[in-house]
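A.B. asks: Quick one, input_26.txt (compact mmCIF, C-alpha atoms and all ligand atoms):
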# COMPACT_ATOMS: atom_id res chain seq x y z
CA MET A 192 5.28 -15.47 12.23
CA LYS A 193 5.16 -12.60 14.71
CA TYR A 194 3.73 -9.17 14.02
CA SER A 195 3.65 -5.84 15.82
CA ARG A 196 0.67 -3.68 16.78
CA ILE A 197 0.25 -0.24 18.28
CA ALA A 198 -0.73 -0.70 21.93
CA GLY A 199 -0.81 2.98 22.95
CA THR A 200 -0.09 6.50 21.72
CA GLY A 201 0.92 9.79 23.36
CA ARG A 202 2.05 13.32 22.60
CA CYS A 203 3.61 16.30 24.30
CA LEU A 204 3.64 19.91 23.14
CA PRO A 205 5.56 22.83 24.64
CA GLN A 206 3.54 25.22 26.81
CA LYS A 207 4.18 28.30 24.73
CA VAL A 208 1.98 29.00 21.70
CA VAL A 209 3.11 31.50 19.07
CA THR A 210 0.37 32.76 16.74
CA ASN A 211 0.84 34.07 13.22
CA ALA A 212 -0.08 37.55 14.45
CA GLU A 213 2.75 37.41 17.00
CA LEU A 214 5.25 36.35 14.30
CA ALA A 215 4.07 39.21 12.10
CA LYS A 216 5.37 41.61 14.76
CA SER A 217 8.97 40.52 14.18
CA VAL A 218 9.09 39.54 10.47
CA ASP A 219 7.44 40.91 7.34
CA THR A 220 4.53 38.47 7.08
CA SER A 221 0.83 38.27 7.91
CA ASP A 222 -1.65 35.83 9.40
CA GLU A 223 -3.49 35.82 6.08
CA TRP A 224 -0.38 34.93 4.02
CA ILE A 225 0.66 32.11 6.35
CA ARG A 226 -2.80 30.56 6.61
CA GLU A 227 -3.47 30.81 2.87
CA ARG A 228 -0.12 29.33 1.78
CA THR A 229 0.37 26.74 4.55
CA GLY A 230 -2.80 26.25 6.63
CA ILE A 231 -0.82 27.12 9.79
CA SER A 232 -2.43 29.38 12.44
CA GLN A 233 -0.07 28.77 15.37
CA ARG A 234 2.78 26.60 16.57
CA HIS A 235 4.16 25.50 19.96
CA ILE A 236 7.70 26.63 20.73
CA ALA A 237 9.92 25.09 23.42
CA GLY A 238 10.73 27.33 26.39
CA ASP A 239 14.03 27.49 28.25
CA ASP A 240 13.13 24.53 30.47
CA GLU A 241 11.88 22.36 27.59
CA THR A 242 14.08 20.28 25.31
CA THR A 243 13.60 17.40 22.89
CA LEU A 244 14.17 15.05 25.84
CA THR A 245 11.49 16.59 28.08
CA LEU A 246 9.02 16.44 25.18
CA CYS A 247 9.98 12.80 24.50
CA GLU A 248 9.42 12.00 28.15
CA GLY A 249 5.94 13.56 28.19
CA ALA A 250 4.86 11.74 25.02
CA ALA A 251 6.38 8.42 26.15
CA LEU A 252 4.64 8.52 29.55
CA GLN A 253 1.27 9.07 27.86
CA ALA A 254 1.86 6.23 25.39
CA MET A 255 2.98 3.89 28.19
CA GLU A 256 -0.10 4.73 30.23
CA ALA A 257 -2.39 4.20 27.22
CA ALA A 258 -0.75 0.81 26.59
CA GLY A 259 -0.84 -0.12 30.27
CA VAL A 260 2.90 -0.80 30.44
CA GLY A 261 5.62 0.23 32.86
CA PRO A 262 9.36 0.86 32.51
CA GLY A 263 10.14 -2.82 33.09
CA ASP A 264 8.08 -3.91 30.08
CA ILE A 265 10.04 -2.02 27.39
CA ASP A 266 12.88 -3.81 25.62
CA LEU A 267 13.65 -1.42 22.74
CA ILE A 268 13.72 2.39 22.45
CA LEU A 269 13.93 4.29 19.18
CA VAL A 270 13.79 8.07 18.89
CA GLY A 271 13.52 9.73 15.48
CA THR A 272 14.90 13.26 15.79
CA THR A 273 17.15 15.77 14.07
CA THR A 274 17.43 17.93 17.18
CA PRO A 275 18.92 15.78 19.98
CA ASP A 276 19.74 17.22 23.40
CA GLN A 277 23.33 16.02 23.13
CA VAL A 278 25.61 14.54 20.46
CA PHE A 279 25.92 11.53 22.76
CA PRO A 280 24.64 9.68 24.72
CA ASN A 281 22.04 9.30 22.02
CA MET A 282 18.41 10.31 22.59
CA GLY A 283 17.26 6.72 23.10
CA VAL A 284 19.69 6.27 25.98
CA LEU A 285 18.85 9.65 27.51
CA LEU A 286 15.15 8.77 27.36
CA GLN A 287 15.78 5.31 28.80
CA HIS A 288 17.46 6.87 31.82
CA ARG A 289 14.84 9.60 32.20
CA LEU A 290 12.01 7.02 32.22
CA GLY A 291 13.81 4.77 34.70
CA ILE A 292 13.95 1.88 32.24
CA ARG A 293 16.48 -0.55 33.74
CA THR A 294 16.20 -3.41 31.23
CA ALA A 295 19.50 -2.47 29.50
CA CYS A 296 17.52 -2.60 26.27
CA PRO A 297 18.95 -1.37 22.96
CA SER A 298 18.18 2.34 22.71
CA PHE A 299 19.12 4.71 19.94
CA GLY A 300 18.34 7.86 18.04
CA LEU A 301 17.75 7.93 14.33
CA GLU A 302 17.95 10.91 12.03
CA ALA A 303 15.83 11.10 8.89
CA ALA A 304 14.41 14.64 9.23
CA CYS A 305 10.61 14.68 8.95
CA THR A 306 10.52 10.96 8.12
CA GLY A 307 12.34 10.10 11.37
CA PHE A 308 9.31 8.61 13.09
CA LEU A 309 8.38 6.39 10.15
CA TYR A 310 11.98 5.17 9.85
CA ALA A 311 11.96 4.39 13.59
CA LEU A 312 8.56 2.69 13.41
CA SER A 313 9.67 0.53 10.49
CA LEU A 314 12.82 -0.54 12.32
CA ALA A 315 11.00 -1.32 15.57
CA ASP A 316 8.47 -3.41 13.62
CA LYS A 317 11.35 -5.43 12.14
CA PHE A 318 12.91 -6.01 15.59
CA ILE A 319 9.57 -7.34 16.83
CA ARG A 320 8.87 -9.47 13.75
CA LEU A 321 12.32 -11.06 14.09
CA GLY A 322 11.70 -11.78 17.77
CA ASP A 323 14.48 -9.44 18.92
CA ALA A 324 12.07 -7.26 20.91
CA LYS A 325 8.64 -7.74 22.47
CA ARG A 326 7.66 -4.19 23.31
CA ALA A 327 9.18 -1.07 21.79
CA LEU A 328 8.87 2.60 22.64
CA VAL A 329 9.00 4.56 19.38
CA VAL A 330 9.16 8.35 19.48
CA GLY A 331 9.33 11.17 16.96
CA ALA A 332 10.43 14.43 18.59
CA GLU A 333 11.88 17.80 17.62
CA THR A 334 12.80 21.24 18.84
CA LEU A 335 13.34 22.56 15.34
CA SER A 336 12.72 26.07 16.65
CA ARG A 337 16.29 25.97 17.97
CA MET A 338 17.73 25.86 14.46
CA ILE A 339 15.47 28.29 12.68
CA ASP A 340 16.50 31.80 11.67
CA TRP A 341 13.68 33.78 13.29
CA GLN A 342 14.36 36.67 10.91
CA ASP A 343 13.86 34.48 7.81
CA ARG A 344 10.16 34.68 6.95
CA THR A 345 10.44 31.94 4.34
CA THR A 346 11.17 29.32 7.04
CA CYS A 347 10.31 30.66 10.52
CA VAL A 348 6.55 30.68 9.89
CA LEU A 349 6.51 26.97 9.08
CA PHE A 350 7.98 25.06 11.99
CA GLY A 351 7.03 24.11 15.56
CA ASP A 352 8.16 21.80 18.38
CA GLY A 353 6.66 18.66 19.90
CA ALA A 354 6.89 14.92 20.43
CA GLY A 355 4.69 11.93 19.63
CA ALA A 356 5.14 8.35 20.79
CA VAL A 357 3.73 4.87 20.35
CA ILE A 358 4.20 1.58 22.16
CA LEU A 359 4.59 -1.24 19.65
CA GLU A 360 4.09 -4.76 20.96
CA THR A 361 4.15 -8.32 19.66
CA ALA A 362 0.85 -9.51 18.18
CA ASP A 363 -0.54 -12.59 16.44
CA GLU A 364 -2.26 -10.53 13.74
CA PRO A 365 -0.55 -7.73 11.79
CA GLY A 366 -1.05 -4.25 13.20
CA ILE A 367 1.82 -2.80 11.18
CA ILE A 368 1.00 -4.40 7.83
CA SER A 369 3.83 -2.90 5.78
CA THR A 370 6.29 -0.03 5.85
CA HIS A 371 7.99 1.60 2.86
CA LEU A 372 11.10 3.76 3.22
CA HIS A 373 13.04 5.76 0.65
CA ALA A 374 15.76 8.38 0.37
CA ASP A 375 17.36 10.28 -2.50
CA GLY A 376 20.41 12.41 -1.74
CA GLN A 377 20.32 14.22 -5.07
CA TYR A 378 17.89 16.60 -3.36
CA LYS A 379 20.20 17.37 -0.42
CA ASP A 380 20.47 21.08 -1.28
CA LEU A 381 16.73 21.80 -1.39
CA LEU A 382 16.16 21.47 2.36
CA TYR A 383 19.03 21.27 4.83
CA HIS A 384 20.85 22.56 7.86
CA PRO A 385 24.40 23.46 6.83
CA TRP A 386 26.35 22.89 10.03
CA GLY A 387 27.39 19.67 11.80
CA VAL A 388 29.88 18.96 14.60
CA SER A 389 32.48 17.55 12.24
CA GLN A 390 32.82 20.90 10.46
CA GLY A 391 34.23 22.50 13.61
CA ALA A 392 32.81 25.08 15.95
CA ASP A 393 34.44 27.94 14.02
CA LYS A 394 32.05 27.24 11.14
CA LEU A 395 29.08 27.79 13.44
CA VAL A 396 28.63 31.45 12.66
CA PRO A 397 25.46 33.46 12.06
CA GLY A 398 24.12 32.60 8.64
CA HIS A 399 25.51 29.10 8.87
CA ASP A 400 23.34 27.88 11.70
CA ALA A 401 19.77 27.71 10.43
CA VAL A 402 17.50 25.58 8.27
CA ARG A 403 17.56 26.52 4.60
CA MET A 404 14.91 25.61 2.10
CA LYS A 405 13.92 26.17 -1.50
CA GLY A 406 10.23 26.01 -0.56
CA ASN A 407 8.78 25.96 -4.05
CA GLU A 408 10.96 23.08 -5.23
CA VAL A 409 10.42 21.13 -2.00
CA PHE A 410 6.69 21.54 -2.50
CA LYS A 411 6.72 20.06 -6.01
CA VAL A 412 8.87 17.03 -5.14
CA ALA A 413 6.85 16.40 -1.95
CA VAL A 414 3.54 16.27 -3.82
CA MET A 415 4.94 13.98 -6.53
CA THR A 416 6.77 11.68 -4.12
CA LEU A 417 3.93 11.30 -1.63
CA GLY A 418 1.55 10.49 -4.49
CA ARG A 419 3.93 7.74 -5.60
CA ILE A 420 4.35 6.23 -2.14
CA VAL A 421 0.61 6.04 -1.66
CA ASP A 422 0.39 4.00 -4.88
CA GLU A 423 3.34 1.84 -3.80
CA THR A 424 1.78 1.08 -0.41
CA LEU A 425 -1.61 0.15 -1.86
CA ALA A 426 -0.08 -2.00 -4.62
CA ALA A 427 2.20 -3.87 -2.20
CA ASN A 428 -0.87 -4.96 -0.25
CA ASN A 429 -3.33 -5.46 -3.14
CA LEU A 430 -5.55 -2.78 -1.69
CA GLU A 431 -7.87 -0.24 -3.26
CA LYS A 432 -7.95 3.43 -2.27
CA ALA A 433 -11.36 2.83 -0.68
CA ASP A 434 -9.81 0.36 1.79
CA ILE A 435 -8.08 3.17 3.68
CA ASP A 436 -10.12 4.57 6.57
CA TRP A 437 -7.73 7.34 7.68
CA LEU A 438 -4.85 9.21 6.11
CA ILE A 439 -2.36 10.48 8.71
CA PRO A 440 0.04 12.62 6.68
CA HIS A 441 3.15 14.55 7.63
CA GLN A 442 1.92 18.00 8.62
CA ALA A 443 4.06 20.35 6.53
CA ASN A 444 1.56 22.28 4.48
CA ILE A 445 -2.22 21.91 4.03
CA ARG A 446 -1.84 22.16 0.25
CA ILE A 447 0.55 19.16 0.19
CA ILE A 448 -1.87 17.23 2.44
CA GLU A 449 -4.84 18.06 0.19
CA ALA A 450 -2.92 16.95 -2.91
CA THR A 451 -2.17 13.56 -1.33
CA ALA A 452 -5.79 13.18 -0.21
CA ARG A 453 -6.95 13.95 -3.77
CA LYS A 454 -4.59 11.28 -5.08
CA LEU A 455 -6.24 8.80 -2.70
CA GLY A 456 -9.72 10.07 -3.58
CA MET A 457 -10.24 10.68 0.15
CA PRO A 458 -12.56 13.36 1.49
CA MET A 459 -10.74 15.69 3.90
CA GLU A 460 -13.03 14.41 6.70
CA ARG A 461 -10.97 11.18 6.57
CA VAL A 462 -7.65 13.00 6.79
CA VAL A 463 -6.14 13.90 10.17
CA VAL A 464 -5.00 17.53 9.97
CA THR A 465 -3.09 19.19 12.81
CA VAL A 466 -0.85 21.53 10.81
CA GLY A 467 -3.07 24.48 11.74
CA GLU A 468 -2.33 24.13 15.46
CA HIS A 469 1.08 22.41 15.44
CA GLY A 470 2.85 23.77 12.34
CA ASN A 471 5.49 21.47 10.86
CA THR A 472 7.03 19.56 13.77
CA SER A 473 9.19 17.36 11.54
CA ALA A 474 9.62 13.86 13.05
CA ALA A 475 6.96 14.58 15.68
CA SER A 476 4.23 15.47 13.23
CA VAL A 477 2.87 12.04 12.26
CA PRO A 478 2.81 10.42 15.74
CA MET A 479 1.24 13.57 17.23
CA ALA A 480 -1.48 13.61 14.55
CA LEU A 481 -2.09 9.89 15.17
CA ASP A 482 -2.44 10.51 18.91
CA VAL A 483 -4.82 13.43 18.40
CA ALA A 484 -7.22 11.31 16.32
CA VAL A 485 -6.93 8.27 18.61
CA ARG A 486 -7.67 10.34 21.71
CA ASP A 487 -10.57 12.29 20.20
CA GLY A 488 -12.15 8.99 19.18
CA ARG A 489 -11.99 9.38 15.40
CA ILE A 490 -9.59 6.46 14.93
CA LYS A 491 -11.00 3.22 16.28
CA ARG A 492 -9.58 -0.27 16.75
CA GLY A 493 -9.73 -2.15 13.44
CA ASP A 494 -9.46 0.97 11.25
CA MET A 495 -7.03 0.88 8.32
CA LEU A 496 -4.52 3.74 8.57
CA LEU A 497 -2.08 5.11 6.03
CA LEU A 498 0.76 7.15 7.55
CA GLU A 499 3.15 9.04 5.30
CA ALA A 500 5.99 11.53 5.66
CA PHE A 501 8.51 13.48 3.61
CA GLY A 502 11.53 15.44 4.74
CA GLY A 503 15.04 16.77 4.19
CA GLY A 504 17.40 14.50 2.28
CA PHE A 505 15.01 13.86 0.77
CA THR A 506 13.71 11.01 2.85
CA TRP A 507 10.16 9.72 2.61
CA GLY A 508 8.14 6.79 3.82
CA SER A 509 4.77 5.27 4.64
CA ALA A 510 3.19 2.73 6.97
CA LEU A 511 -0.01 0.79 6.45
CA ILE A 512 -1.53 -0.07 9.82
CA ARG A 513 -4.54 -1.99 11.06
CA TYR A 514 -5.07 -0.06 14.28
N1 LIG A 601 5.14 35.99 4.48
C1 LIG A 601 4.91 36.76 3.43
N2 LIG A 601 5.49 36.57 2.23
C2 LIG A 601 6.33 35.53 2.12
C3 LIG A 601 6.63 34.68 3.18
C4 LIG A 601 5.99 34.95 4.41
N3 LIG A 601 6.18 34.18 5.51
N4 LIG A 601 7.51 33.75 2.77
C5 LIG A 601 7.75 33.99 1.49
N5 LIG A 601 7.06 35.07 1.08
C6 LIG A 601 7.04 35.69 -0.23
C7 LIG A 601 8.23 35.36 -1.05
O1 LIG A 601 9.32 36.18 -0.74
C8 LIG A 601 7.70 35.57 -2.45
O2 LIG A 601 7.75 36.95 -2.71
P1 LIG A 601 8.13 37.49 -4.18
O3 LIG A 601 7.07 36.92 -5.10
O4 LIG A 601 8.10 38.95 -4.02
O5 LIG A 601 9.49 36.93 -4.47
C9 LIG A 601 6.24 35.16 -2.36
O6 LIG A 601 5.92 35.18 -0.94
C10 LIG A 601 5.95 33.77 -2.90
O7 LIG A 601 6.93 32.86 -2.39
P2 LIG A 601 6.89 31.35 -2.75
O8 LIG A 601 8.06 30.69 -2.11
O9 LIG A 601 6.73 31.18 -4.24
O10 LIG A 601 5.53 30.90 -2.05
P3 LIG A 601 4.85 29.51 -2.06
O11 LIG A 601 3.46 29.62 -2.52
O12 LIG A 601 5.69 28.45 -2.70
O13 LIG A 601 4.78 29.17 -0.51
C11 LIG A 601 5.93 27.78 1.07
C12 LIG A 601 5.97 29.04 0.24
C13 LIG A 601 4.76 27.91 2.04
C14 LIG A 601 7.21 27.64 1.83
C15 LIG A 601 5.67 26.58 0.13
O14 LIG A 601 6.56 26.60 -0.93
C16 LIG A 601 5.83 25.28 0.85
O15 LIG A 601 5.06 24.95 1.75
N6 LIG A 601 6.81 24.49 0.42
C17 LIG A 601 7.04 23.20 1.04
C18 LIG A 601 7.77 23.41 2.27
C19 LIG A 601 7.74 22.21 3.09
O16 LIG A 601 6.76 21.51 3.12
N7 LIG A 601 8.84 22.03 3.78
C20 LIG A 601 8.96 21.02 4.66
C21 LIG A 601 8.84 19.65 4.03
S1 LIG A 601 9.96 18.61 4.64
C22 LIG A 601 10.03 18.92 6.21
O17 LIG A 601 9.01 18.96 6.82
C23 LIG A 601 11.34 19.19 6.86
I need this file expressed as structure tokens, please.
Ligand code: ACO

C.D. replies:
Amino acid sequence: MKYSRIAGTGRCLPQKVVTNAELAKSVDTSDEWIRERTGISQRHIAGDDETTLTLCEGAALQAMEAAGVGPGDIDLILVGTTTPDQVFPNMGVLLQHRLGIRTACPSFGLEAACTGFLYALSLADKFIRLGDAKRALVVGAETLSRMIDWQDRTTCVLFGDGAGAVILETADEPGIISTHLHADGQYKDLLYHPWGVSQGADKLVPGHDAVRMKGNEVFKVAVMTLGRIVDETLAANNLEKADIDWLIPHQANIRIIEATARKLGMPMERVVVTVGEHGNTSAASVPMALDVAVRDGRIKRGDMLLLEAFGGGFTWGSALIRY
């Protein structure tokens, strides 16, 4: 039986930082309201020369360096994103070319909103377990700022841009112990972007081109669902709450994160929180938070990690990892 393990992590954030105070100059909001309701102080926003692909590239290069691998070593590329540079070629192929990976390896993008990275990680783990890949580049990346209505205070204060990446490689012992993925389309109208290519360009008119969200309802389902997936993950592995060393949650809102930590009985010191600096970066949020805590030395080899995410669809998922 083969397993996969995380060999290296990386992240890339846009240069430009937008603080709550700066947002309050253009919409009717305040630093106090945003921090109290969400925990967010600032977010990074992609500039004209930055796209999801350039962010993917930056994160991937860091992860490859941390893992000590070069372009010739990668035989699978998966990019979780809702904001690709082009409709096609897909983001995996664009990234393959950008990184000079000439192995003709399978490369694709995968769209599951904020759960995109965990969906991609789960799939890459299965490729490796089945022996169909030896070393995978797995990325979660977004430029959600490009589909936000910057006049809508109920959404524009929440989101940011970025990319996080891991190199997954074959191992004798399980690094990725289990992954758990779910989706329920009955919630499709609570958090969505209304336009897609198939609707025709004439439908892409102001008011039809931005993320829409019923924040209150999303909040309630997120707390309930993430609580359930924590239970599911522990039960599937016969583990107790105390066996988890680090919770690495999707960074949407500090109050959702605190509710999940309470459910796990975890002190906030054992929870990786980046929402204050990054905002909600959708598919990029979990791998960026992982990279932050790996690089600052909090997460050490051998630690037991619980990653979880929740996003539009709804989609949600978790991964239990021996780092
Ligand atoms: N500044 C000031 N006031 C605001 C703002 C703002 N930015 N946004 C909303 N308000 C107002 C509302 O208009 C409302 O005013 P009213 O009472 O006069 O009608 C009041 O604040 C309260 O609004 P609520 O929506 O009830 O505020 P709530 O406490 O629920 O916080 C929030 C809103 C932060 C969006 C919260 O519901 C939330 O975080 N929901 C989850 C969102 C989320 O996590 N989405 C992403 C998950 S999935 C993914 O990542 C894609």

A.B. asks: Using all atoms listed in the file, which residues sit within 8 Å of A:Leu244 once same-chain residues fewer than 4 positions away are excluded, as a list in words?

C.D. replies: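 Everything that qualifies: Glu248, Pro275, Asp276, Met282, Leu285 and Leu286 of chain A.
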
A.B. asks: For those residues, write C-alpha atoms to a file as a PDB file, in the frame of the given file.

C.D. replies:
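Final output, result21.pdb:
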ATOM      1  CA  GLU A 248       9.420  12.000  28.150  1.00  0.00           C
ATOM      2  CA  PRO A 275      18.920  15.780  19.980  1.00  0.00           C
ATOM      3  CA  ASP A 276      19.740  17.220  23.400  1.00  0.00           C
ATOM      4  CA  MET A 282      18.410  10.310  22.590  1.00  0.00           C
ATOM      5  CA  LEU A 285      18.850   9.650  27.510  1.00  0.00           C
ATOM      6  CA  LEU A 286      15.150   8.770  27.360  1.00  0.00           C
TER       7      LEU A 286
END

A.B. asks: So which residues are near ligand LIG 601 (chain A), meaning at most 6 Å away with all atoms listed in the file counted, given back as a ChimeraX atom specification?

C.D. replies: /A:220-221,224-225,228-229,304-305,344-345,348,406-407,409-410,443-444,471,473,501-503

A.B. asks: Pick from A:Gln442, A:Gln287, A:Ser476, A:Gln277: nearest to A:Cys203, with all atoms listed in the file counted?

C.D. replies: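 Closest to A:Cys203, using all atoms listed in the file: A:Ser476.
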
A.B. asks: With all atoms listed in the file as the atoms that count, which of A:Leu359, A:Ala450, A:Thr472, A:Ser369 lies nearest to A:Asn429?

C.D. replies: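 Closest candidate: A:Ser369.
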
A.B. asks: Which residues are near A:Val209? Cut-off 8 Å, all atoms listed in the file, ignore same chain within fewer than 5 positions. Put them as a ChimeraX atom specification.

C.D. replies: /A:214,233-236

A.B. asks: Env of A:Glu449: 8 Å cut, atoms = only C-alpha atoms, seq-sep filter 4 positions within chain, self excluded. Answer as a ChimeraX atom specification.

C.D. replies: /A:445,453,459

A.B. asks: Go through A:Thr346, A:Thr465, A:Thr274, A:Asn428 one by one, measure the shortest atom-to-atom distance of each to A:Pro440 using all atoms listed in the file, and give the residue with the smallest value.

C.D. replies: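 Using all atoms listed in the file, A:Pro440 sits closest to A:Thr465.
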
A.B. asks: Of the candidates A:Gly271, A:Pro297, A:Gly387, A:Gly351, which shows the shortest atom-to-atom distance to A:Gln206, using all atoms listed in the file?

C.D. replies: A:Gly351

A.B. asks: For the point (7.0, 19.3, 19.0) in the file's frame, write as JSON, numbers by chain all residues with an atom no more than 12 Å away, counting all atoms listed in the file.

C.D. replies: {"A": [202, 203, 204, 205, 206, 207, 208, 234, 235, 236, 237, 238, 241, 242, 243, 244, 245, 246, 247, 248, 249, 250, 272, 273, 274, 305, 330, 331, 332, 333, 334, 335, 336, 337, 350, 351, 352, 353, 354, 355, 356, 442, 465, 466, 468, 469, 470, 471, 472, 473, 474, 475, 476, 477, 478, 479, 480]}

A.B. asks: Looking at all atoms listed in the file, which of A:Asp222, A:Ile448, A:Ser217, A:Lys317 is the one that sits closest to A:Ile368?

C.D. replies: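 Between A:Asp222, A:Ile448, A:Ser217, A:Lys317, the residue approaching A:Ile368 most closely is A:Lys317.
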
A.B. asks: What gap, in Å, lies between atom CA of A:Leu496 and atom CA of A:Val421?

C.D. replies: 11.7 Å

A.B. asks: Any idea what's packed within 9 Å of A:Met255, counting only C-alpha atoms, ignoring anything in its chain fewer than 4 positions away? Could you give it as an MDAnalysis selection string?

C.D. replies: chainID A and resid 198:201 250:251 259:262 328 356:358

A.B. asks: Please report the interatomic distance between atom CA of A:Asp316 and atom CA of A:Tyr194 in Å with one decimal.

C.D. replies: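 Result for atom CA of A:Asp316 versus atom CA of A:Tyr194: 7.5 Å, one decimal.
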